[in-house]
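S.K.: One structure follows; several queries about it will come next.
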2 protein chains.
Amino acid sequence: MSTEAHAFIATSLDGFIAREDGAIDWLDGVPDTEDHGFDEFLDGVDALVMGRKTFEQVLGFGEWAYGERRVVVLSRSRTQASIPVPEHVSSPVEFFGGTPEDLFRREESAGTGRLYVDGGQVIQSFLAAGLLHQINLTRIPVLLGGGIPLFGPLDSDVWWEHQSTRSFPSGLVQTVYRRKETS
Amino acid sequence: MSTEAHAFIATSLDGFIAREDGAIDWLDGVPDTEDHGFDEFLDGVDALVMGRKTFEQVLGFGEWAYGERRVVVLSRSRTQASIPVPEHVSSPVEFFGGTPEDLFRREESAGTGRLYVDGGQVIQSFLAAGLLHQINLTRIPVLLGGGIPLFGPLDSDVWWEHQSTRSFPSGLVQTVYRRKETS
């Protein structure tokens, strides 16, 4: 099995993952009784990759949703010593100072299967490096008018293969796209 | 039947309707053999509303796709005399210098049913005025990395009711949203 990077993320209809100040209060409009397939997605994941901001955000949630899966925090400036990892984090956590390419090559050599890349900046950097293989993209039926966009600049167009789409009673629409090899 | 404004539009996965310079060359990646329901949508339309730029763009297509439906071109600066309407345009064309609210009130008084609002700026101005009732939104499976966004700033969140979603062999995903009354 070759190494792949997958994303699983939700945006507003206008493409934002958070308000300008990072707030995600608008997600309260989504009922948490719906199963959007995150656990199933996580079952196939070998290791997580996220930026420091996303890591601090998920630490703030209090609960640790990732079991004992290895977590790699991409951070050019922080070292492990500077962010204490709380006790409720059941995963081994590693801070990595290299580029997405560096990390991907290392994981390939180590025979890692699926990487779950999370957080807007990390997803953008994997995309820009041509290293994002699949994205599970959920659209929340709200227009925010502004905020932090999921997607950013690219050197050239990236085309995707549609895998599946489903909608939920809450109005969420979830689509899985796989990167086209010839893009 | 009360007056409503509907949009029928496609964007890239990162939310752009055109490249920065207005080019829509990336739409060539979509097979024109697929029926995305435009004719069916148009059947329910009583009049079209578009900005001057969109009007000039559809004039450039050479073919006129709107039958004999009335067209209102929103334009603060141009008058009818300054843009000659070519012979292949089978619709009556009116240039209107007022706001979306002005137009909507006038159409309400006239008993117009459905307005088809087209073009990024006009859709944004109807949205910002709280006058867009329904949107048929198609996502084309490509990331462009930049361009002219469909959505713009808003004074407050706008929530939508999911009506239906379908996907196409080409990878297009089309969702119909209806504005929530209590937004």
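Chain labels follow the order of the structure tokens: the first chain is A, the next B, and so on; residue numbering restarts at 1 in every chain, and ligands are counted from 1 in their shown order.
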Can you list, as a list of chain:residue names, every protein, DNA or RNA residue that comes within 8 Å of Pro92 of chain B when you count only C-alpha atoms, leaving out same-chain residues fewer than 6 positions away?

M.R.: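 These residues fall inside the cut-off: B:Glu68, B:Arg69, B:Arg70, B:Val71.
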
S.K.: So that I can check the surroundings of Trp160 of chain B, please list as a PyMOL selection string every protein, DNA and RNA residue that reaches within 12 Å of it, counting only C-alpha atoms and ignoring chain neighbours fewer than 4 positions away.

M.R.: (chain A and resi 12-13+29+139-144+170-173) or (chain B and resi 127+132-136+164+175-183)

S.K.: With only C-alpha atoms as the counted atoms, please give the residues lying no more than 12 Å from Trp26 of chain A, apart from itself and same-chain residues fewer than 4 positions off, as a list in words.

M.R.: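 Here the qualifying residues turn out to be Ala10, Thr11, Ser12, Phe16, Ile17, Ala18, Arg19, Gly22, Val30, Pro31, Ile140, Pro141, Val142, Leu143, Leu144 and Gly147 of chain A; Ser156, Asp157, Val158 and Trp159 of chain B.
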
S.K.: So that I can see what lies close to Val73 of chain B, please list as a list in words the residues with an atom at most 10 Å from it, counting only C-alpha atoms and leaving out residues fewer than 4 positions away in the same chain.

M.R.: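 My reading of the contact set: Leu48, Val49, Met50, Gly51, Arg52, Lys53, Thr54, Phe55, Glu56, Arg78, Thr79, Gln80, Val93, Glu94, Phe95, Phe96, Gly97 and Val122 of chain B.
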
S.K.: Include C-alpha atoms and write out the residues we just selected as a PDB file, in the first residue's frame.

M.R.:
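Full text of selection_1.pdb as output:
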ATOM      1  CA  LEU B  48     -33.721  37.649 -16.484  1.00  0.00           C
ATOM      2  CA  VAL B  49     -31.677  40.107 -14.472  1.00  0.00           C
ATOM      3  CA  MET B  50     -27.987  40.520 -15.168  1.00  0.00           C
ATOM      4  CA  GLY B  51     -25.225  43.092 -14.960  1.00  0.00           C
ATOM      5  CA  ARG B  52     -23.761  44.848 -17.961  1.00  0.00           C
ATOM      6  CA  LYS B  53     -20.626  42.686 -17.974  1.00  0.00           C
ATOM      7  CA  THR B  54     -22.618  39.468 -17.983  1.00  0.00           C
ATOM      8  CA  PHE B  55     -24.879  40.856 -20.694  1.00  0.00           C
ATOM      9  CA  GLU B  56     -21.887  41.679 -22.871  1.00  0.00           C
ATOM     10  CA  ARG B  78     -24.955  52.869 -19.439  1.00  0.00           C
ATOM     11  CA  THR B  79     -28.138  53.653 -21.231  1.00  0.00           C
ATOM     12  CA  GLN B  80     -29.867  51.571 -23.840  1.00  0.00           C
ATOM     13  CA  VAL B  93     -33.912  44.196 -23.356  1.00  0.00           C
ATOM     14  CA  GLU B  94     -34.268  46.968 -20.801  1.00  0.00           C
ATOM     15  CA  PHE B  95     -31.488  48.872 -19.040  1.00  0.00           C
ATOM     16  CA  PHE B  96     -32.325  49.650 -15.414  1.00  0.00           C
ATOM     17  CA  GLY B  97     -30.417  52.187 -13.333  1.00  0.00           C
ATOM     18  CA  VAL B 122     -25.747  40.843  -9.475  1.00  0.00           C
TER      19      VAL B 122
END

S.K.: As an NGL selection string, please: every residue in segment 16-172 of chain B that DSSP puts in strand (DSSP E or B).

M.R.: :B and (16-18 or 47-51 or 70-74 or 93-96 or 114-118 or 134-140 or 142-143 or 148-149 or 158-167)

S.K.: Which residue is closest to chain A? Choose from B:Asp14, B:Asp118, B:Asp32, B:Glu20 and count only C-alpha atoms.

M.R.: B:Asp14

S.K.: Chain A: which residues are alpha helix (DSSP H) by DSSP, as a JSON list (two decimals) with N, CA and C atoms, in the first residue's frame?

M.R.:
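Heads up, here's the output in out_26.json:
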[["chain", "number", "residue", "atom", "x", "y", "z"],
["A", 38, "PHE", "N", -17.02, 10.48, 10.16],
["A", 38, "PHE", "CA", -15.66, 10.78, 10.59],
["A", 38, "PHE", "C", -14.97, 9.56, 11.22],
["A", 39, "ASP", "N", -15.69, 8.81, 12.05],
["A", 39, "ASP", "CA", -15.08, 7.64, 12.69],
["A", 39, "ASP", "C", -14.64, 6.60, 11.66],
["A", 40, "GLU", "N", -15.49, 6.42, 10.65],
["A", 40, "GLU", "CA", -15.16, 5.48, 9.59],
["A", 40, "GLU", "C", -13.91, 5.95, 8.84],
["A", 41, "PHE", "N", -13.87, 7.25, 8.58],
["A", 41, "PHE", "CA", -12.68, 7.83, 7.92],
["A", 41, "PHE", "C", -11.44, 7.59, 8.78],
["A", 42, "LEU", "N", -11.58, 7.86, 10.07],
["A", 42, "LEU", "CA", -10.44, 7.77, 10.98],
["A", 42, "LEU", "C", -9.91, 6.33, 11.09],
["A", 43, "ASP", "N", -10.83, 5.37, 10.95],
["A", 43, "ASP", "CA", -10.42, 3.96, 10.99],
["A", 43, "ASP", "C", -9.34, 3.64, 9.96],
["A", 52, "ARG", "N", 0.50, 23.78, 13.94],
["A", 52, "ARG", "CA", 0.52, 24.06, 15.38],
["A", 52, "ARG", "C", -0.81, 24.67, 15.83],
["A", 53, "LYS", "N", -1.37, 25.57, 15.00],
["A", 53, "LYS", "CA", -2.63, 26.22, 15.39],
["A", 53, "LYS", "C", -3.75, 25.19, 15.52],
["A", 54, "THR", "N", -3.84, 24.29, 14.55],
["A", 54, "THR", "CA", -4.88, 23.26, 14.60],
["A", 54, "THR", "C", -4.66, 22.37, 15.81],
["A", 55, "PHE", "N", -3.38, 22.04, 16.08],
["A", 55, "PHE", "CA", -3.08, 21.20, 17.24],
["A", 55, "PHE", "C", -3.55, 21.87, 18.53],
["A", 56, "GLU", "N", -3.25, 23.16, 18.65],
["A", 56, "GLU", "CA", -3.68, 23.87, 19.87],
["A", 56, "GLU", "C", -5.20, 23.94, 19.95],
["A", 57, "GLN", "N", -5.84, 24.06, 18.77],
["A", 57, "GLN", "CA", -7.31, 24.10, 18.77],
["A", 57, "GLN", "C", -7.90, 22.77, 19.23],
["A", 58, "VAL", "N", -7.36, 21.65, 18.71],
["A", 58, "VAL", "CA", -7.93, 20.36, 19.12],
["A", 58, "VAL", "C", -7.57, 20.04, 20.57],
["A", 59, "LEU", "N", -6.44, 20.54, 21.04],
["A", 59, "LEU", "CA", -6.14, 20.39, 22.48],
["A", 59, "LEU", "C", -7.22, 21.09, 23.30],
["A", 60, "GLY", "N", -7.67, 22.25, 22.78],
["A", 60, "GLY", "CA", -8.67, 23.04, 23.49],
["A", 60, "GLY", "C", -10.02, 22.36, 23.57],
["A", 100, "PRO", "N", 6.22, 19.76, 3.89],
["A", 100, "PRO", "CA", 5.33, 18.64, 3.59],
["A", 100, "PRO", "C", 6.05, 17.57, 2.76],
["A", 101, "GLU", "N", 6.85, 17.99, 1.78],
["A", 101, "GLU", "CA", 7.60, 17.02, 0.96],
["A", 101, "GLU", "C", 8.53, 16.17, 1.82],
["A", 102, "ASP", "N", 9.28, 16.83, 2.72],
["A", 102, "ASP", "CA", 10.18, 16.11, 3.63],
["A", 102, "ASP", "C", 9.42, 15.04, 4.42],
["A", 103, "LEU", "N", 8.30, 15.49, 4.98],
["A", 103, "LEU", "CA", 7.53, 14.57, 5.81],
["A", 103, "LEU", "C", 6.99, 13.42, 4.98],
["A", 104, "PHE", "N", 6.44, 13.77, 3.81],
["A", 104, "PHE", "CA", 5.84, 12.74, 2.97],
["A", 104, "PHE", "C", 6.87, 11.69, 2.56],
["A", 105, "ARG", "N", 8.04, 12.17, 2.18],
["A", 105, "ARG", "CA", 9.10, 11.23, 1.79],
["A", 105, "ARG", "C", 9.49, 10.32, 2.95],
["A", 106, "ARG", "N", 9.58, 10.91, 4.14],
["A", 106, "ARG", "CA", 9.94, 10.12, 5.31],
["A", 106, "ARG", "C", 8.88, 9.04, 5.58],
["A", 107, "GLU", "N", 7.61, 9.44, 5.48],
["A", 107, "GLU", "CA", 6.52, 8.49, 5.76],
["A", 107, "GLU", "C", 6.46, 7.40, 4.69],
["A", 108, "GLU", "N", 6.76, 7.80, 3.45],
["A", 108, "GLU", "CA", 6.84, 6.79, 2.39],
["A", 108, "GLU", "C", 7.91, 5.76, 2.70],
["A", 109, "SER", "N", 9.06, 6.22, 3.10],
["A", 109, "SER", "CA", 10.17, 5.32, 3.44],
["A", 109, "SER", "C", 9.79, 4.41, 4.60],
["A", 110, "ALA", "N", 9.02, 4.96, 5.52],
["A", 110, "ALA", "CA", 8.63, 4.18, 6.70],
["A", 110, "ALA", "C", 7.47, 3.24, 6.39],
["A", 120, "GLY", "N", -6.43, 24.29, 7.71],
["A", 120, "GLY", "CA", -6.38, 24.98, 6.42],
["A", 120, "GLY", "C", -4.98, 25.12, 5.86],
["A", 121, "GLN", "N", -4.04, 25.59, 6.67],
["A", 121, "GLN", "CA", -2.70, 25.85, 6.15],
["A", 121, "GLN", "C", -2.00, 24.58, 5.71],
["A", 122, "VAL", "N", -2.14, 23.51, 6.48],
["A", 122, "VAL", "CA", -1.47, 22.26, 6.14],
["A", 122, "VAL", "C", -2.10, 21.65, 4.89],
["A", 123, "ILE", "N", -3.41, 21.70, 4.80],
["A", 123, "ILE", "CA", -4.08, 21.19, 3.60],
["A", 123, "ILE", "C", -3.62, 21.99, 2.38],
["A", 124, "GLN", "N", -3.57, 23.31, 2.51],
["A", 124, "GLN", "CA", -3.09, 24.14, 1.39],
["A", 124, "GLN", "C", -1.66, 23.79, 0.99],
["A", 125, "SER", "N", -0.81, 23.55, 1.99],
["A", 125, "SER", "CA", 0.60, 23.30, 1.66],
["A", 125, "SER", "C", 0.76, 21.92, 1.00],
["A", 126, "PHE", "N", -0.03, 20.94, 1.44],
["A", 126, "PHE", "CA", 0.00, 19.63, 0.78],
["A", 126, "PHE", "C", -0.54, 19.73, -0.65],
["A", 127, "LEU", "N", -1.62, 20.48, -0.80],
["A", 127, "LEU", "CA", -2.20, 20.70, -2.14],
["A", 127, "LEU", "C", -1.20, 21.35, -3.08],
["A", 128, "ALA", "N", -0.58, 22.42, -2.60],
["A", 128, "ALA", "CA", 0.36, 23.17, -3.43],
["A", 128, "ALA", "C", 1.55, 22.31, -3.82]]

S.K.: In terms of the shortest atom-to-atom distance over only C-alpha atoms, which of B:Ala129, B:Leu154, B:Ile83, B:Ala47 is closest to Arg114 of chain B?

M.R.: B:Ala47

S.K.: Identify which of the residues A:Leu150, A:Leu131, A:Val45, A:Ala23 lies closest to chain B, counting only C-alpha atoms when measuring atom-to-atom distances.

M.R.: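 Ranking A:Leu150, A:Leu131, A:Val45, A:Ala23 by distance to chain B, first place goes to A:Leu150.
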